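S.K.: Attaching a single structure in structure tokens format; questions to follow.
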Amino acid sequence: MINKDIDVAVIGGGPAGLAAAISAREHGAQSVVILDRNSWLGGILPQCIHDGFGVEEIGRSMTGPEYAEEYIHRAKELGVKTMQETMVLRFDKKRNITAVNKKGLYRMQAKSVVLAMGCREKTRWNIMIPGDRPSGIYTAGMVQGFINLYNILPGRNVIILGSGDVGLIIARRLKFEGANVLGVVEILPYATGLPRNVVQCIDDYGIPFFFNHTITHIKGRERLEQVTVVQVDEDMVPIPKTEKKMDCDTLLLSLGLIPENELSTDAGVEIDRLTSGPVVNQNLETTIDGVFACGNCLQVYDIVDLLSLDAKRAGKNAAEHTTTQTQKKTGIQTVPGKGVKHVVPQFITQSGIIHLTLRSEKPGKDTVLRITKNGNEILKKKLRFVNPANMIALKVSIPSKIIKSAGIMEVTINDD
Amino acid sequence: MKNFQIAIIGGGVIGSAIAWELSKYKLDVVVFERGSDVASGASKANSGVIHSGINSDTSSLKARFCVEGNKMFQSLADELGFPLKWVGKYVIAKNEEETKELKRLKKVGIDNGVPDLIIKNGSEINEPNVSCFAALWVPTAGITLPYQFTIALAENAAENGIRFLLETKVTDMKKQNDSFLLSTNRGEFRAQVIINATGVDCRNIVSMVEEPDFQVYPCRGEYLVLDKKYSSLITSMIYPVPEKKLGVLGVHITPTIEGNILLGPSAEFIDDLYDKQTTRKMTKNLLAKAKEIVPVLPDRAVINAYSGIRCKLAPLESGGWADYRIEESKHTSGLINLLGIESPGLTAAPAIAKQVLKMISLHIDLIAKNNFISRKTMKRFSEMSLQEQSNLIKKDERWGRIVCRCEQITEKEVVEALNNPLGARSLSSVKFRCRAGMGRCQGGFCTQHIVRIMGEQFDIGIKDMKMKSPNSYLFYRRNREVKE
């Protein structure tokens, strides 16, 4: 057993973990260690070889690997220590971490912990598609890894279920490699991925989009042979006699992401069932003292730029926590109201400028976002367009009288 | 052409149990398995229950072999190192009427020699999430991992000289003089005694040499697997009173060794021996029926679904119940048929194997070996103490590399799984041996690492990598590879 004392332990070395670690060092934490399961840093970024990373944050469009490089370089420069191929087995309320790698087992006592474990992809069984169980059914991210990191083309005739960003981007990538992309099937009347990806990855390549459709059956006893595509009504219920049998050897699932919080849950971190990520305050601190959360394990982001900015705040706060005393945790709750899926942070303990991130429930035009507490309006903002695919980020000034009185702060988006 | 004394057709739990018994003797034995691994059919797709023997009438072979098999399991588990837990089972009655059935089952159980059966009031059972009028407590029912039991039998048999030919399908068989000539996709073989342990295919094998005097009525059973998060819902198996019309035990809730809960199986007579699909209708049905037993069961807890095919010798119309047939063909000497081995086949397997041994001894002298190798078993990394983990990592750093994050499986465990003595090298072979890929992400993260290990340490080309069966290819080609 190898024992270590550290200031800030960052679990996960993807974009969130890197940003948090850099920021922790920049804000005075002495020993900052990133623990990552992979043999590389950057998490999912190295397989995201398309560009568009960093536009909003740095003002320059980079590929995933380039963006990761920037951060890895900066982390090294600042003396962030990294432990790769290292799996955190558990941590506890006292921030005692047990981890393993090829050198042995580690027990680390951290003054602060930053959770940056990322997310995993939904599988066939999250939406229970019945039928046979052949090979050839992959999640979109898995295939992105196979094509871009391992130089493997998994199939020839591909259908994509779900229109998340990874699915859209991989559709174009498959086209480049000579595969036939027979269509993208989406149960909603609109794409869940970003509009720019719909245009640049699907429309530009003439790939058919089947909105209001889903897949109800899988056929193929060994390798996938056919899927049944069916139209759905407004309640997403399949419409009889609209079944189309489509031959294919590969089905890619781009059904959305699930924050990875098994470690957090085991440690006793409270999880928000709306985001599937930890409940946090305005400092991105979870319900365990000194444990912060950022990145896709906090909530699923759509672009890395905003994720990195939030992660830097988590890193800064984690660094400050190593020297300052614990603040009291009581405060007001923030809850999503009409038209809003979820809001982060879930509670606020301090007055001042608060960063809020949220998602709308459905696409809308000329909407009004309101933040109210006990019927009193704190903020009203017109939003020309809202789309669940685009996370909404706001800075809100919260006066101290709001924090002091009991109640719940509600965020709503209404048509006006 | 290669000559064997005994050819076992079928590498399921029955074929593997027989192979294991035979591996203790000086014999030349081959096992033909058409799948890419043993336990490719019903042997892996069942509840994993070691039954006590309360369900079949005393005069039946099902009762006899079930009770005998049950008694053998603990020492087998100790010897072969597969997991086994005597969690017990409750058969629950929803009302007074059903309580009569509990009494009947108790009587059958007592007649069959099943010990310690007790009927309890609904308030007396140790399952806070189950509500019922009364329940029959069966303490001698247990759970195992059926595929790991089969794999343990087969691998230890292989270590003791039994030849396992995977992806080898027997396409024809002829009796010539005193031996059988078998045609397969891997050439011809000769054997003196044939063991037909092919499950749902048993009639097809018989019909190669004679007109079968029976029919097979495939009956599909679908299962749902729940996330480990919900493992605390039940601690023992919970069964309804059996569905007599179908000759099955009904949808039950079974804890597994690994902490997942199984819901199922359904019972649906189908036409196709190999149609192992899962259906929306049954999924809904299973959840609804399971909720009748455990009302707090969450809707979105399912991480996987599968089905298996029961080999029934009686059709739906006659109630679906028929006894096992464990017999040598009257017309073809040396052909030992194991017909209709459905539930409780897993429990009965070791006892059936002993019986088959006796039948073989009428043809071939069984001379015990004195150099039988016992199976080396390995604890799972995640179940070791920190000290044990540390020590192993010092010896081999691959113990310190976690490949499957959901189940915490190390690279060393994956390599050991791929190194199996059967030569089974599919993704499922890894999954069923060490559990990599069986967790909640269902292989989302670890598949790439297992594929890498298959390539780097086992020199398997990407076009030869398979998921589970001879043609279940994982990949099409390398990027931009020129097609020959």
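By convention in this document, the chains of the structure tokens carry letters A, B, ... by their order, each chain's residues are numbered from 1, and ligands are numbered from 1 in the order they are shown.
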Taking only C-alpha atoms into account, find every residue of chain B that has an atom no more than 7 Å from chain A, and write it out as a compact mmCIF listing (two decimals) with all heavy atoms, in the first residue's frame.

M.R.:
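Output file iface-v8.txt is given in full below:
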```txt
# COMPACT_ATOMS: atom_id res chain seq x y z
N LYS B 276 -34.22 -17.16 -30.37
CA LYS B 276 -33.97 -16.70 -29.01
C LYS B 276 -34.17 -15.19 -28.88
O LYS B 276 -33.46 -14.52 -28.14
CB LYS B 276 -32.54 -17.05 -28.60
CG LYS B 276 -32.36 -18.55 -28.40
CD LYS B 276 -31.06 -18.86 -27.72
CE LYS B 276 -29.89 -18.84 -28.67
NZ LYS B 276 -28.63 -19.25 -28.06
N GLN B 277 -35.13 -14.65 -29.59
CA GLN B 277 -35.35 -13.21 -29.48
C GLN B 277 -36.07 -12.87 -28.16
O GLN B 277 -36.65 -13.73 -27.51
CB GLN B 277 -36.14 -12.69 -30.67
CG GLN B 277 -37.52 -13.28 -30.80
CD GLN B 277 -38.31 -12.57 -31.89
OE1 GLN B 277 -38.53 -11.36 -31.84
NE2 GLN B 277 -38.72 -13.32 -32.89
N THR B 278 -35.97 -11.62 -27.81
CA THR B 278 -36.78 -11.12 -26.70
C THR B 278 -37.88 -10.26 -27.33
O THR B 278 -37.70 -9.71 -28.40
CB THR B 278 -35.96 -10.28 -25.71
OG1 THR B 278 -35.38 -9.19 -26.42
CG2 THR B 278 -34.87 -11.10 -25.07
N THR B 279 -39.01 -10.18 -26.66
CA THR B 279 -40.14 -9.48 -27.26
C THR B 279 -40.68 -8.41 -26.31
O THR B 279 -40.55 -8.53 -25.09
CB THR B 279 -41.28 -10.47 -27.56
OG1 THR B 279 -41.73 -11.02 -26.32
CG2 THR B 279 -40.84 -11.58 -28.48
N ARG B 280 -41.25 -7.38 -26.90
CA ARG B 280 -41.81 -6.30 -26.09
C ARG B 280 -42.93 -6.81 -25.19
O ARG B 280 -43.04 -6.46 -24.03
CB ARG B 280 -42.34 -5.21 -27.02
CG ARG B 280 -42.88 -4.02 -26.26
CD ARG B 280 -42.59 -2.74 -26.98
NE ARG B 280 -41.16 -2.66 -27.29
CZ ARG B 280 -40.52 -1.55 -27.63
NH1 ARG B 280 -41.16 -0.44 -27.69
NH2 ARG B 280 -39.24 -1.55 -27.91
N VAL B 302 -33.75 -2.24 -15.64
CA VAL B 302 -33.27 -3.33 -16.49
C VAL B 302 -31.98 -2.94 -17.19
O VAL B 302 -31.88 -1.87 -17.78
CB VAL B 302 -34.35 -3.69 -17.54
CG1 VAL B 302 -33.86 -4.78 -18.48
CG2 VAL B 302 -35.63 -4.13 -16.84
N ILE B 303 -30.95 -3.80 -17.13
CA ILE B 303 -29.72 -3.53 -17.89
C ILE B 303 -29.52 -4.52 -19.02
O ILE B 303 -28.63 -4.34 -19.85
CB ILE B 303 -28.45 -3.50 -17.01
CG1 ILE B 303 -28.21 -4.84 -16.31
CG2 ILE B 303 -28.49 -2.35 -16.01
CD1 ILE B 303 -26.76 -5.01 -15.86
N ASN B 304 -30.32 -5.57 -19.07
CA ASN B 304 -30.16 -6.53 -20.16
C ASN B 304 -31.37 -7.46 -20.20
O ASN B 304 -32.13 -7.53 -19.23
CB ASN B 304 -28.88 -7.35 -19.96
CG ASN B 304 -28.34 -7.94 -21.25
OD1 ASN B 304 -29.09 -8.13 -22.22
ND2 ASN B 304 -27.06 -8.22 -21.28
N SER B 390 -2.35 -6.22 -3.49
CA SER B 390 -0.99 -5.66 -3.57
C SER B 390 0.04 -6.71 -3.97
O SER B 390 0.88 -6.48 -4.84
CB SER B 390 -0.57 -5.11 -2.20
OG SER B 390 -1.09 -3.84 -2.01
N ILE B 393 -0.22 -7.63 -7.68
CA ILE B 393 0.25 -6.57 -8.59
C ILE B 393 1.78 -6.58 -8.65
O ILE B 393 2.37 -6.38 -9.71
CB ILE B 393 -0.28 -5.18 -8.16
CG1 ILE B 393 -1.80 -5.14 -8.27
CG2 ILE B 393 0.33 -4.08 -9.01
CD1 ILE B 393 -2.45 -3.94 -7.60
N LYS B 394 2.41 -6.87 -7.51
CA LYS B 394 3.88 -6.95 -7.49
C LYS B 394 4.38 -8.06 -8.40
O LYS B 394 5.41 -7.95 -9.05
CB LYS B 394 4.37 -7.17 -6.06
CG LYS B 394 4.65 -5.85 -5.35
CD LYS B 394 5.19 -6.09 -3.95
CE LYS B 394 4.63 -5.04 -3.01
NZ LYS B 394 4.33 -5.55 -1.68
N GLU B 397 2.03 -6.92 -13.19
CA GLU B 397 1.40 -5.59 -13.15
C GLU B 397 0.03 -5.57 -13.81
O GLU B 397 -0.76 -4.65 -13.61
CB GLU B 397 2.32 -4.53 -13.77
CG GLU B 397 2.58 -4.74 -15.25
CD GLU B 397 3.44 -3.62 -15.85
OE1 GLU B 397 4.36 -3.14 -15.15
OE2 GLU B 397 3.18 -3.24 -17.00
N ARG B 398 -0.26 -6.60 -14.61
CA ARG B 398 -1.59 -6.63 -15.26
C ARG B 398 -2.73 -6.76 -14.24
O ARG B 398 -3.87 -6.46 -14.54
CB ARG B 398 -1.64 -7.75 -16.29
CG ARG B 398 -0.74 -7.46 -17.49
CD ARG B 398 -0.73 -8.58 -18.50
NE ARG B 398 -0.15 -9.80 -17.95
CZ ARG B 398 0.04 -10.91 -18.65
NH1 ARG B 398 -0.30 -10.95 -19.94
NH2 ARG B 398 0.57 -11.98 -18.10
N TRP B 399 -2.38 -7.21 -13.02
CA TRP B 399 -3.39 -7.23 -11.96
C TRP B 399 -3.79 -5.82 -11.53
O TRP B 399 -4.81 -5.62 -10.90
CB TRP B 399 -2.87 -7.97 -10.73
CG TRP B 399 -2.92 -9.45 -10.81
CD1 TRP B 399 -1.86 -10.29 -10.93
CD2 TRP B 399 -4.08 -10.29 -10.74
NE1 TRP B 399 -2.29 -11.60 -10.95
CE2 TRP B 399 -3.65 -11.63 -10.84
CE3 TRP B 399 -5.45 -10.03 -10.62
CZ2 TRP B 399 -4.52 -12.72 -10.81
CZ3 TRP B 399 -6.33 -11.11 -10.59
CH2 TRP B 399 -5.86 -12.43 -10.69
N GLY B 400 -2.94 -4.86 -11.85
CA GLY B 400 -3.19 -3.49 -11.42
C GLY B 400 -3.86 -2.64 -12.48
O GLY B 400 -4.03 -1.44 -12.32
N ARG B 401 -4.18 -3.27 -13.61
CA ARG B 401 -4.84 -2.51 -14.68
C ARG B 401 -6.29 -2.92 -14.79
O ARG B 401 -6.60 -4.02 -15.22
CB ARG B 401 -4.15 -2.82 -16.01
CG ARG B 401 -3.17 -1.76 -16.40
CD ARG B 401 -2.78 -1.93 -17.84
NE ARG B 401 -1.35 -1.77 -17.94
CZ ARG B 401 -0.54 -2.63 -18.50
NH1 ARG B 401 -1.02 -3.73 -19.07
NH2 ARG B 401 0.74 -2.40 -18.53
N ILE B 402 -7.19 -2.02 -14.41
CA ILE B 402 -8.62 -2.32 -14.48
C ILE B 402 -9.09 -2.14 -15.92
O ILE B 402 -8.93 -1.07 -16.50
CB ILE B 402 -9.43 -1.41 -13.53
CG1 ILE B 402 -8.90 -1.47 -12.11
CG2 ILE B 402 -10.92 -1.74 -13.62
CD1 ILE B 402 -9.28 -2.66 -11.30
N CYS B 441 -22.68 -0.63 -18.12
CA CYS B 441 -22.40 0.02 -19.42
C CYS B 441 -22.39 -1.00 -20.55
O CYS B 441 -22.29 -0.65 -21.71
CB CYS B 441 -21.10 0.82 -19.39
SG CYS B 441 -19.61 -0.06 -19.84
N GLY B 444 -19.48 -0.87 -23.01
CA GLY B 444 -19.22 0.42 -23.66
C GLY B 444 -17.77 0.86 -23.55
O GLY B 444 -17.19 1.39 -24.49
N MET B 467 -18.22 -11.98 -31.45
CA MET B 467 -18.93 -11.66 -30.23
C MET B 467 -19.27 -12.92 -29.45
O MET B 467 -18.99 -13.01 -28.27
CB MET B 467 -20.20 -10.89 -30.56
CG MET B 467 -20.99 -10.50 -29.35
SD MET B 467 -22.40 -9.53 -29.88
CE MET B 467 -23.63 -10.05 -28.74
N SER B 469 -20.53 -16.27 -31.45
CA SER B 469 -20.82 -17.47 -32.23
C SER B 469 -20.00 -17.41 -33.52
O SER B 469 -19.42 -16.37 -33.84
CB SER B 469 -22.31 -17.54 -32.53
OG SER B 469 -22.71 -16.38 -33.25
N ASN B 471 -20.29 -16.86 -36.61
CA ASN B 471 -20.42 -15.78 -37.60
C ASN B 471 -20.78 -14.43 -36.99
O ASN B 471 -21.22 -13.53 -37.70
CB ASN B 471 -21.45 -16.16 -38.65
CG ASN B 471 -20.99 -17.37 -39.45
OD1 ASN B 471 -19.90 -17.36 -40.02
ND2 ASN B 471 -21.79 -18.42 -39.44
N SER B 472 -20.59 -14.30 -35.70
CA SER B 472 -20.97 -13.03 -35.06
C SER B 472 -19.77 -12.08 -35.06
O SER B 472 -19.26 -11.70 -34.02
CB SER B 472 -21.47 -13.27 -33.65
OG SER B 472 -20.45 -13.85 -32.87
N TYR B 473 -19.34 -11.71 -36.27
CA TYR B 473 -18.14 -10.89 -36.40
C TYR B 473 -18.33 -9.52 -35.77
O TYR B 473 -19.39 -8.92 -35.89
CB TYR B 473 -17.73 -10.77 -37.86
CG TYR B 473 -17.27 -12.08 -38.39
CD1 TYR B 473 -18.09 -12.86 -39.20
CD2 TYR B 473 -16.02 -12.58 -38.02
CE1 TYR B 473 -17.68 -14.11 -39.63
CE2 TYR B 473 -15.61 -13.82 -38.45
CZ TYR B 473 -16.44 -14.58 -39.25
OH TYR B 473 -16.03 -15.81 -39.66
N LEU B 474 -17.26 -9.05 -35.13
CA LEU B 474 -17.34 -7.74 -34.49
C LEU B 474 -17.08 -6.61 -35.47
O LEU B 474 -17.69 -5.56 -35.38
CB LEU B 474 -16.32 -7.65 -33.35
CG LEU B 474 -16.64 -8.41 -32.07
CD1 LEU B 474 -15.47 -8.29 -31.09
CD2 LEU B 474 -17.92 -7.88 -31.42
N PHE B 475 -16.14 -6.84 -36.41
CA PHE B 475 -15.69 -5.73 -37.27
C PHE B 475 -15.70 -6.12 -38.74
O PHE B 475 -15.58 -7.29 -39.10
CB PHE B 475 -14.28 -5.30 -36.86
CG PHE B 475 -14.16 -4.98 -35.40
CD1 PHE B 475 -13.26 -5.68 -34.59
CD2 PHE B 475 -14.95 -4.00 -34.81
CE1 PHE B 475 -13.15 -5.39 -33.23
CE2 PHE B 475 -14.85 -3.72 -33.46
CZ PHE B 475 -13.95 -4.42 -32.66
N TYR B 476 -15.75 -5.08 -39.56
CA TYR B 476 -15.77 -5.29 -41.00
C TYR B 476 -14.35 -5.33 -41.56
O TYR B 476 -13.94 -6.27 -42.20
CB TYR B 476 -16.62 -4.19 -41.64
CG TYR B 476 -16.67 -4.17 -43.13
CD1 TYR B 476 -16.89 -5.34 -43.86
CD2 TYR B 476 -16.49 -2.98 -43.83
CE1 TYR B 476 -16.94 -5.31 -45.23
CE2 TYR B 476 -16.55 -2.96 -45.20
CZ TYR B 476 -16.76 -4.12 -45.90
OH TYR B 476 -16.80 -4.08 -47.26
N ARG B 477 -13.60 -4.30 -41.29
CA ARG B 477 -12.21 -4.26 -41.78
C ARG B 477 -11.47 -3.11 -41.13
O ARG B 477 -12.04 -2.33 -40.37
CB ARG B 477 -12.17 -4.13 -43.30
CG ARG B 477 -12.86 -2.88 -43.84
CD ARG B 477 -12.45 -2.66 -45.29
NE ARG B 477 -13.32 -1.75 -45.99
CZ ARG B 477 -13.26 -0.41 -45.91
NH1 ARG B 477 -12.41 0.18 -45.10
NH2 ARG B 477 -14.08 0.34 -46.62
N ARG B 478 -10.20 -2.98 -41.48
CA ARG B 478 -9.44 -1.80 -41.10
C ARG B 478 -9.94 -0.62 -41.93
O ARG B 478 -10.44 -0.81 -43.04
CB ARG B 478 -7.94 -1.99 -41.40
CG ARG B 478 -7.26 -2.98 -40.50
CD ARG B 478 -6.85 -2.32 -39.20
NE ARG B 478 -6.33 -3.32 -38.27
CZ ARG B 478 -6.26 -3.13 -36.96
NH1 ARG B 478 -6.67 -1.99 -36.43
NH2 ARG B 478 -5.79 -4.05 -36.18
N ASN B 479 -9.77 0.58 -41.43
CA ASN B 479 -10.11 1.76 -42.22
C ASN B 479 -9.31 1.75 -43.52
O ASN B 479 -8.11 1.46 -43.51
CB ASN B 479 -9.72 3.03 -41.47
CG ASN B 479 -10.62 3.28 -40.27
OD1 ASN B 479 -11.72 2.76 -40.18
ND2 ASN B 479 -10.14 4.11 -39.36
N ARG B 480 -9.96 2.10 -44.58
CA ARG B 480 -9.33 2.28 -45.90
C ARG B 480 -8.51 1.08 -46.36
O ARG B 480 -7.60 1.21 -47.16
CB ARG B 480 -8.43 3.53 -45.92
CG ARG B 480 -9.18 4.78 -46.29
CD ARG B 480 -8.58 5.99 -45.63
NE ARG B 480 -8.91 6.02 -44.23
CZ ARG B 480 -8.12 6.48 -43.29
NH1 ARG B 480 -6.93 6.93 -43.57
NH2 ARG B 480 -8.51 6.48 -42.04
```

S.K.: For the structure I just gave you, how does DSSP split region 191-329 of chain A - specifically, which residues are strand (DSSP E or B)? Reply as a count of residues only.

M.R.: 35

S.K.: Using only C-alpha atoms, determine which residues lie at most 9 Å from Val300 (chain A), disregarding the query and same-chain residues fewer than 2 positions distant; provide the list as a ChimeraX atom specification.

M.R.: /A:118-119,256-259,275-277,295-298,302,307

S.K.: Restricting it to N, CA, C and O atoms, dump the selection as a PDB file, in the first residue's frame.

M.R.:
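Writing the result to selection-v2.pdb gives the following:
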```
ATOM      1  N   GLY A 118     -16.807  11.969 -15.811  1.00  0.00           N
ATOM      2  CA  GLY A 118     -17.428  11.936 -17.137  1.00  0.00           C
ATOM      3  C   GLY A 118     -18.716  11.141 -17.150  1.00  0.00           C
ATOM      4  O   GLY A 118     -19.435  11.065 -16.153  1.00  0.00           O
ATOM      5  N   CYS A 119     -18.995  10.544 -18.280  1.00  0.00           N
ATOM      6  CA  CYS A 119     -20.287   9.877 -18.435  1.00  0.00           C
ATOM      7  C   CYS A 119     -20.116   8.609 -19.261  1.00  0.00           C
ATOM      8  O   CYS A 119     -19.052   8.349 -19.797  1.00  0.00           O
ATOM      9  N   GLY A 256     -27.927   9.209 -25.906  1.00  0.00           N
ATOM     10  CA  GLY A 256     -27.711  10.124 -24.790  1.00  0.00           C
ATOM     11  C   GLY A 256     -26.721   9.535 -23.800  1.00  0.00           C
ATOM     12  O   GLY A 256     -26.265   8.407 -23.946  1.00  0.00           O
ATOM     13  N   LEU A 257     -26.372  10.360 -22.827  1.00  0.00           N
ATOM     14  CA  LEU A 257     -25.280  10.022 -21.922  1.00  0.00           C
ATOM     15  C   LEU A 257     -25.781   9.969 -20.484  1.00  0.00           C
ATOM     16  O   LEU A 257     -26.741  10.646 -20.124  1.00  0.00           O
ATOM     17  N   ILE A 258     -25.134   9.137 -19.704  1.00  0.00           N
ATOM     18  CA  ILE A 258     -25.480   9.017 -18.287  1.00  0.00           C
ATOM     19  C   ILE A 258     -24.243   9.390 -17.471  1.00  0.00           C
ATOM     20  O   ILE A 258     -23.201   8.749 -17.606  1.00  0.00           O
ATOM     21  N   PRO A 259     -24.331  10.415 -16.628  1.00  0.00           N
ATOM     22  CA  PRO A 259     -23.184  10.747 -15.775  1.00  0.00           C
ATOM     23  C   PRO A 259     -22.747   9.523 -14.956  1.00  0.00           C
ATOM     24  O   PRO A 259     -23.593   8.765 -14.478  1.00  0.00           O
ATOM     25  N   THR A 275     -30.523  15.615 -13.164  1.00  0.00           N
ATOM     26  CA  THR A 275     -29.264  15.678 -13.917  1.00  0.00           C
ATOM     27  C   THR A 275     -28.521  14.342 -13.874  1.00  0.00           C
ATOM     28  O   THR A 275     -27.617  14.121 -14.665  1.00  0.00           O
ATOM     29  N   SER A 276     -28.876  13.481 -12.948  1.00  0.00           N
ATOM     30  CA  SER A 276     -28.124  12.252 -12.636  1.00  0.00           C
ATOM     31  C   SER A 276     -26.714  12.558 -12.140  1.00  0.00           C
ATOM     32  O   SER A 276     -25.857  11.679 -12.100  1.00  0.00           O
ATOM     33  N   GLY A 277     -26.471  13.808 -11.814  1.00  0.00           N
ATOM     34  CA  GLY A 277     -25.163  14.209 -11.277  1.00  0.00           C
ATOM     35  C   GLY A 277     -25.329  14.634  -9.829  1.00  0.00           C
ATOM     36  O   GLY A 277     -26.444  14.723  -9.315  1.00  0.00           O
ATOM     37  N   GLY A 295     -17.789  18.855 -15.024  1.00  0.00           N
ATOM     38  CA  GLY A 295     -17.793  18.063 -16.251  1.00  0.00           C
ATOM     39  C   GLY A 295     -19.048  17.230 -16.386  1.00  0.00           C
ATOM     40  O   GLY A 295     -20.068  17.485 -15.744  1.00  0.00           O
ATOM     41  N   ASN A 296     -18.952  16.214 -17.229  1.00  0.00           N
ATOM     42  CA  ASN A 296     -20.145  15.431 -17.554  1.00  0.00           C
ATOM     43  C   ASN A 296     -20.622  14.515 -16.435  1.00  0.00           C
ATOM     44  O   ASN A 296     -21.692  13.932 -16.551  1.00  0.00           O
ATOM     45  N   CYS A 297     -19.851  14.386 -15.359  1.00  0.00           N
ATOM     46  CA  CYS A 297     -20.411  13.621 -14.243  1.00  0.00           C
ATOM     47  C   CYS A 297     -21.292  14.520 -13.379  1.00  0.00           C
ATOM     48  O   CYS A 297     -22.116  14.048 -12.608  1.00  0.00           O
ATOM     49  N   LEU A 298     -21.146  15.827 -13.551  1.00  0.00           N
ATOM     50  CA  LEU A 298     -22.030  16.774 -12.856  1.00  0.00           C
ATOM     51  C   LEU A 298     -23.345  16.906 -13.617  1.00  0.00           C
ATOM     52  O   LEU A 298     -24.423  16.829 -13.056  1.00  0.00           O
ATOM     53  N   ASP A 302     -23.091  20.138 -23.684  1.00  0.00           N
ATOM     54  CA  ASP A 302     -23.088  19.885 -25.116  1.00  0.00           C
ATOM     55  C   ASP A 302     -21.794  20.314 -25.785  1.00  0.00           C
ATOM     56  O   ASP A 302     -21.393  19.736 -26.771  1.00  0.00           O
ATOM     57  N   LEU A 307     -18.077  23.531 -20.451  1.00  0.00           N
ATOM     58  CA  LEU A 307     -17.686  22.519 -19.464  1.00  0.00           C
ATOM     59  C   LEU A 307     -16.363  22.909 -18.805  1.00  0.00           C
ATOM     60  O   LEU A 307     -16.218  22.861 -17.578  1.00  0.00           O
TER      61      LEU A 307
END
```

S.K.: In terms of the shortest atom-to-atom distance over only C-alpha atoms, which of B:Arg220, B:Met378, B:Cys202, B:Ala301 is closest to Ile270 (chain B)?

M.R.: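 Among B:Arg220, B:Met378, B:Cys202, B:Ala301, it is B:Arg220 that comes nearest to Ile270 (chain B).
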
S.K.: Taking 4 positions as the minimum chain separation for residues in the same chain, which residues sit within 10 Å of Ile151 (chain B) when counting only C-alpha atoms? Answer as number ranges by chain.

M.R.: B: 11-13, 16-17, 37-39, 44, 80, 82, 145-147, 155-157, 420, 422, 429, 432-433

S.K.: List as an MDAnalysis selection string the protein and nucleic acid residues near Met72 (chain B), meaning an atom at most 10 Å away when only C-alpha atoms are counted, but skip any in the same chain fewer than 3 places from it.

M.R.: chainID B and resid 66:69 75:77 347:351

S.K.: Please report the interatomic distance between CA of Asn374 (chain A) and CA of Met409 (chain A) in Å with one decimal.

M.R.: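 Distance reported for this atom pair: 7.4 Å.
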
S.K.: Can you pull out every residue from region 126-312 of chain B that DSSP, working from the backbone, puts in alpha helix (DSSP H), and format the result as number ranges by chain?

M.R.: B: 146-159, 202-206, 280-293

S.K.: Compile the contact shell of Gly331 (chain A) as a list in words: residues with an atom at most 9 Å away, counting only C-alpha atoms, same-chain residues fewer than 6 positions apart removed.

M.R.: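 Those residues are Asn281, Phe347, Ile348, Thr349, Gln350, Ile403, Lys404, Ser405 and Ala406 of chain A.
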
S.K.: Which residues are close to Gln231 (chain A), i.e. within 7 Å by only C-alpha atoms, leaving aside same-chain residues fewer than 5 positions away? Reply as a list in words.

M.R.: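 Using only C-alpha atoms, the neighbours found are Asn212, His213, Thr214, Pro238, Ile239 and Thr242 of chain A.
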